[in-house]
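See below for data_9.tsv, which holds TSV, C-alpha atoms.
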```tsv
chain	number	residue	atom	x	y	z
A	6	MET	CA	-84.66	-12.46	-68.22
A	7	SER	CA	-85.56	-9.25	-69.98
A	8	VAL	CA	-84.07	-8.38	-73.33
A	9	GLN	CA	-82.53	-5.29	-71.74
A	10	ALA	CA	-80.77	-7.32	-69.04
A	11	ILE	CA	-79.44	-9.76	-71.61
A	12	LEU	CA	-78.24	-7.10	-74.05
A	13	LEU	CA	-76.78	-4.54	-71.64
A	14	PRO	CA	-73.45	-6.43	-71.33
A	15	VAL	CA	-73.33	-6.60	-75.15
A	16	PHE	CA	-73.86	-2.83	-75.39
A	17	VAL	CA	-71.08	-2.23	-72.85
A	18	LEU	CA	-68.65	-4.40	-74.82
A	19	ILE	CA	-69.61	-2.70	-78.07
A	20	CYS	CA	-69.05	0.71	-76.43
A	21	LEU	CA	-65.59	-0.46	-75.37
A	22	THR	CA	-64.87	-1.48	-78.96
A	23	PHE	CA	-65.92	1.91	-80.33
A	24	ILE	CA	-63.93	3.76	-77.65
A	25	LEU	CA	-60.82	1.76	-78.48
A	26	LEU	CA	-61.34	2.43	-82.19
A	27	GLY	CA	-61.58	6.15	-81.49
A	28	LEU	CA	-58.48	6.10	-79.30
A	29	THR	CA	-56.62	4.15	-81.98
A	30	GLY	CA	-57.51	6.68	-84.64
A	31	ARG	CA	-56.63	9.64	-82.44
A	32	SER	CA	-53.27	8.19	-81.41
A	33	ARG	CA	-52.41	7.26	-85.01
A	34	VAL	CA	-53.25	10.71	-86.36
A	35	SER	CA	-51.23	12.28	-83.54
A	36	ALA	CA	-48.23	10.08	-84.30
A	37	LEU	CA	-48.40	11.09	-87.97
A	38	LYS	CA	-48.70	14.78	-87.08
A	39	ARG	CA	-45.69	14.53	-84.74
A	40	GLY	CA	-43.70	13.02	-87.59
A	41	GLU	CA	-43.02	9.74	-85.76
A	42	LEU	CA	-43.65	7.96	-89.05
A	43	ARG	CA	-44.82	8.70	-92.56
A	44	ILE	CA	-47.97	7.54	-94.30
A	45	LYS	CA	-45.91	5.42	-96.70
A	46	ASP	CA	-44.57	3.55	-93.63
A	47	ILE	CA	-48.06	2.18	-92.92
A	48	ALA	CA	-49.85	2.50	-96.29
A	49	LEU	CA	-49.70	-1.23	-97.01
A	50	GLY	CA	-50.50	-2.38	-93.49
A	51	GLN	CA	-46.92	-2.50	-92.27
A	52	ASN	CA	-46.57	-2.77	-88.51
A	53	SER	CA	-44.60	0.47	-88.14
A	54	TRP	CA	-46.69	2.27	-85.53
A	55	PRO	CA	-44.98	3.63	-82.41
A	56	ASP	CA	-45.85	1.93	-79.10
A	57	GLY	CA	-48.83	4.15	-78.17
A	58	PRO	CA	-50.84	3.71	-81.35
A	59	ALA	CA	-49.77	0.05	-81.53
A	60	LYS	CA	-51.17	-0.63	-78.04
A	61	PHE	CA	-54.50	1.02	-78.84
A	62	GLY	CA	-54.66	-0.75	-82.20
A	63	ARG	CA	-54.05	-4.19	-80.72
A	64	ALA	CA	-56.52	-3.55	-77.89
A	65	TYR	CA	-59.13	-2.66	-80.52
A	66	GLU	CA	-58.29	-5.70	-82.66
A	67	ASN	CA	-58.62	-7.92	-79.58
A	68	GLN	CA	-62.26	-6.81	-79.30
A	69	LEU	CA	-62.88	-8.28	-82.75
A	70	GLU	CA	-61.52	-11.72	-81.85
A	71	LEU	CA	-62.79	-13.60	-78.76
A	72	PRO	CA	-65.88	-11.37	-78.29
A	73	VAL	CA	-67.25	-12.56	-81.64
A	74	LEU	CA	-67.97	-15.91	-79.96
A	75	PHE	CA	-69.64	-14.02	-77.11
A	76	TYR	CA	-71.93	-12.10	-79.47
A	77	ALA	CA	-72.92	-15.30	-81.28
A	78	LEU	CA	-73.69	-17.05	-78.00
A	79	VAL	CA	-75.85	-14.20	-76.71
A	80	ILE	CA	-77.89	-14.21	-79.91
A	81	LEU	CA	-78.34	-17.99	-79.79
A	82	ALA	CA	-79.21	-17.94	-76.08
A	83	MET	CA	-81.85	-15.29	-76.69
A	84	MET	CA	-83.32	-17.14	-79.67
A	85	THR	CA	-83.56	-20.41	-77.73
A	86	ARG	CA	-84.71	-18.73	-74.50
A	87	LYS	CA	-81.71	-20.06	-72.57
A	88	ALA	CA	-80.53	-16.63	-71.35
A	89	ASP	CA	-81.43	-16.86	-67.67
A	90	LEU	CA	-79.98	-15.12	-64.60
A	91	PRO	CA	-76.85	-17.33	-64.38
A	92	PHE	CA	-76.23	-16.64	-68.08
A	93	VAL	CA	-76.48	-12.88	-67.56
A	94	ILE	CA	-74.16	-13.05	-64.54
A	95	MET	CA	-71.61	-14.89	-66.67
A	96	GLU	CA	-72.07	-12.30	-69.41
A	97	TRP	CA	-71.10	-9.57	-66.94
A	98	LEU	CA	-68.11	-11.58	-65.74
A	99	PHE	CA	-66.91	-11.97	-69.32
A	100	VAL	CA	-67.42	-8.27	-70.07
A	101	GLY	CA	-65.62	-7.33	-66.85
A	102	ALA	CA	-62.65	-9.47	-67.85
A	103	ARG	CA	-62.61	-7.83	-71.29
A	104	LEU	CA	-62.75	-4.34	-69.76
A	105	LEU	CA	-59.84	-5.15	-67.45
A	106	HIS	CA	-57.90	-6.76	-70.30
A	107	ALA	CA	-58.32	-3.63	-72.42
A	108	ALA	CA	-57.44	-1.31	-69.53
A	109	VAL	CA	-54.18	-3.15	-68.89
A	110	HIS	CA	-53.45	-3.29	-72.61
A	111	VAL	CA	-53.66	0.48	-73.13
A	112	THR	CA	-51.95	1.49	-69.86
A	113	THR	CA	-49.13	-0.58	-68.36
A	114	ASN	CA	-49.42	-3.37	-70.93
A	115	ASN	CA	-48.24	-5.79	-68.27
A	116	VAL	CA	-48.41	-8.98	-70.31
A	117	ARG	CA	-48.86	-11.33	-67.35
A	118	ARG	CA	-51.72	-9.31	-65.91
A	119	ARG	CA	-53.24	-8.83	-69.36
A	120	PHE	CA	-53.03	-12.57	-70.03
A	121	ALA	CA	-54.67	-13.32	-66.68
A	122	PHE	CA	-57.69	-11.21	-67.66
A	123	PHE	CA	-57.74	-12.73	-71.15
A	124	LEU	CA	-57.62	-16.23	-69.64
A	125	ALA	CA	-60.41	-15.40	-67.18
A	126	GLY	CA	-62.61	-14.19	-70.03
A	127	PHE	CA	-61.74	-17.22	-72.14
A	128	VAL	CA	-62.62	-19.65	-69.33
A	129	ILE	CA	-65.90	-17.86	-68.60
A	130	LEU	CA	-66.87	-17.85	-72.27
A	131	ALA	CA	-65.89	-21.50	-72.76
A	132	LEU	CA	-67.99	-22.41	-69.71
A	133	MET	CA	-70.92	-20.40	-71.06
A	134	TRP	CA	-70.71	-22.27	-74.37
A	135	ALA	CA	-70.43	-25.64	-72.61
A	136	ILE	CA	-73.46	-24.95	-70.43
A	137	PHE	CA	-75.42	-23.70	-73.42
A	138	ALA	CA	-74.51	-26.75	-75.51
A	139	VAL	CA	-75.50	-29.17	-72.73
A	140	ARG	CA	-78.78	-27.37	-72.20
A	141	ILE	CA	-79.60	-27.45	-75.91
A	142	LEU	CA	-78.45	-31.04	-76.55
A	143	ALA	CA	-80.10	-32.38	-73.39
A	144	ASN	CA	-83.19	-30.26	-74.10
A	145	LEU	CA	-83.07	-28.64	-70.65
```
What would the structure in this file look like if it were written as structure tokens?
Amino acid sequence: MSVQAILLPVFVLICLTFILLGLTGRSRVSALKRGELRIKDIALGQNSWPDGPAKFGRAYENQLELPVLFYALVILAMMTRKADLPFVIMEWLFVGARLLHAAVHVTTNNVRRRFAFFLAGFVILALMWAIFAVRILANL
């Protein structure tokens, strides 16, 4: 597989992360300007944000949790030349699940639907790691 094909899903997920960071910042500044809370209410990291900024903030934070294992795997798969077509397809499935998870998180925040997308991404990523590990350990 080409480097571009392998890294495009990574770039999409990173774009999602930056978009969510921007939306988080915008919604937090707006909440402060509207007087929904004061700076001293959040200055020490207190969880005092109204629902809107809280949803964007958690959606952003979620992109810094499970996807870290995805980024590590992509790097390792590229270094060991194990990033083939099935790997790239699974990358896209994982990224799709993360996009849907984030979309639900910042809109309806339906926890069951959000969890379903999280679980789908988790299962895909766990399978990717298992396949990678077998291929490396069995020297395939």
Do a neighbour search on Phe123 (chain A) at 8 Å with all atoms listed in the file, toss out local chain neighbours closer than 6 positions, and write the hits as a VMD selection string. chain A and resid 102 to 103 106
Which residue out of A:Trp54, A:Phe75, A:Phe23, A:Trp134 has the minimum interatomic distance to Leu37 (chain A) when all atoms listed in the file are used?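 The shortest atom-to-atom distance to Leu37 (chain A) comes from A:Trp54.
Distance annotation: of A:Ser35, A:Asp56, A:Ala64, A:Lys87, the residue with the minimal separation from Val109 (chain A) is A:Ala64; atom set is all atoms listed in the file.
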In terms of the shortest atom-to-atom distance over all atoms listed in the file, which of A:Pro58, A:Gly27, A:Gly50, A:Pro14 is closest to Thr112 (chain A)? A:Pro58
Edge lengths and centre in Å to one decimal, as AutoDock Vina command-line options, of the axis-aligned box that encloses all listed atoms of region 109-112 of chain A with 4 Å added on every side?
```
--center_x -53.1 --center_y -0.9 --center_z -71.0 --size_x 10.2 --size_y 12.8 --size_z 12.2
```
Within 9 Å of Ala59 (chain A), counting all atoms listed in the file, which residues show up once you throw out same-chain ones fewer than 4 positions away? Write them as a ChimeraX atom specification, please. /A:29,32-33,52-55,63-64
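Considering all atoms listed in the file, the residue among A:Tyr76, A:Ile136, A:Ala125, A:Lys38 positioned nearest to Gly101 (chain A) is A:Ala125.
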As an exercise, work out the distance from CA of Gly62 (chain A) to CA of Leu42 (chain A) in Å and give it to one decimal place.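 So the answer is 15.6 Å.
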12 Å contact set for Val17 (chain A), all atoms listed in the file, chain neighbours under 3 positions out, as a list in words: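 These residues fall inside the cut-off: Gln9, Ala10, Ile11, Leu12, Leu13, Pro14, Cys20, Leu21, Thr22, Phe23, Ile24, Gln68, Pro72, Tyr76, Glu96, Trp97, Phe99, Val100, Gly101, Arg103 and Leu104 of chain A.
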Could you check the closest approach to Val15 (chain A) for each of A:Gly30, A:Leu98, A:Pro91, A:Ile47 and tell me which residue wins, using all atoms listed in the file?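 Among the listed residues, A:Leu98 lies closest to Val15 (chain A).
With CA of Ser7 (chain A) on one side and CA of Phe127 (chain A) on the other, the separation reads 25.2 Å.
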Coordinates-based distance that separates CA of Leu105 (chain A) from CA of Arg118 (chain A) (Å, one decimal):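 So the answer is 9.3 Å.
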Neighbour list for Ala138 (chain A) as JSON, numbers by chain, cut-off 12 Å, all atoms listed in the file, skip fewer than 4 positions in-chain: {"A": [78, 81, 82, 85, 87, 131, 132, 133, 134, 142, 143, 144, 145]}
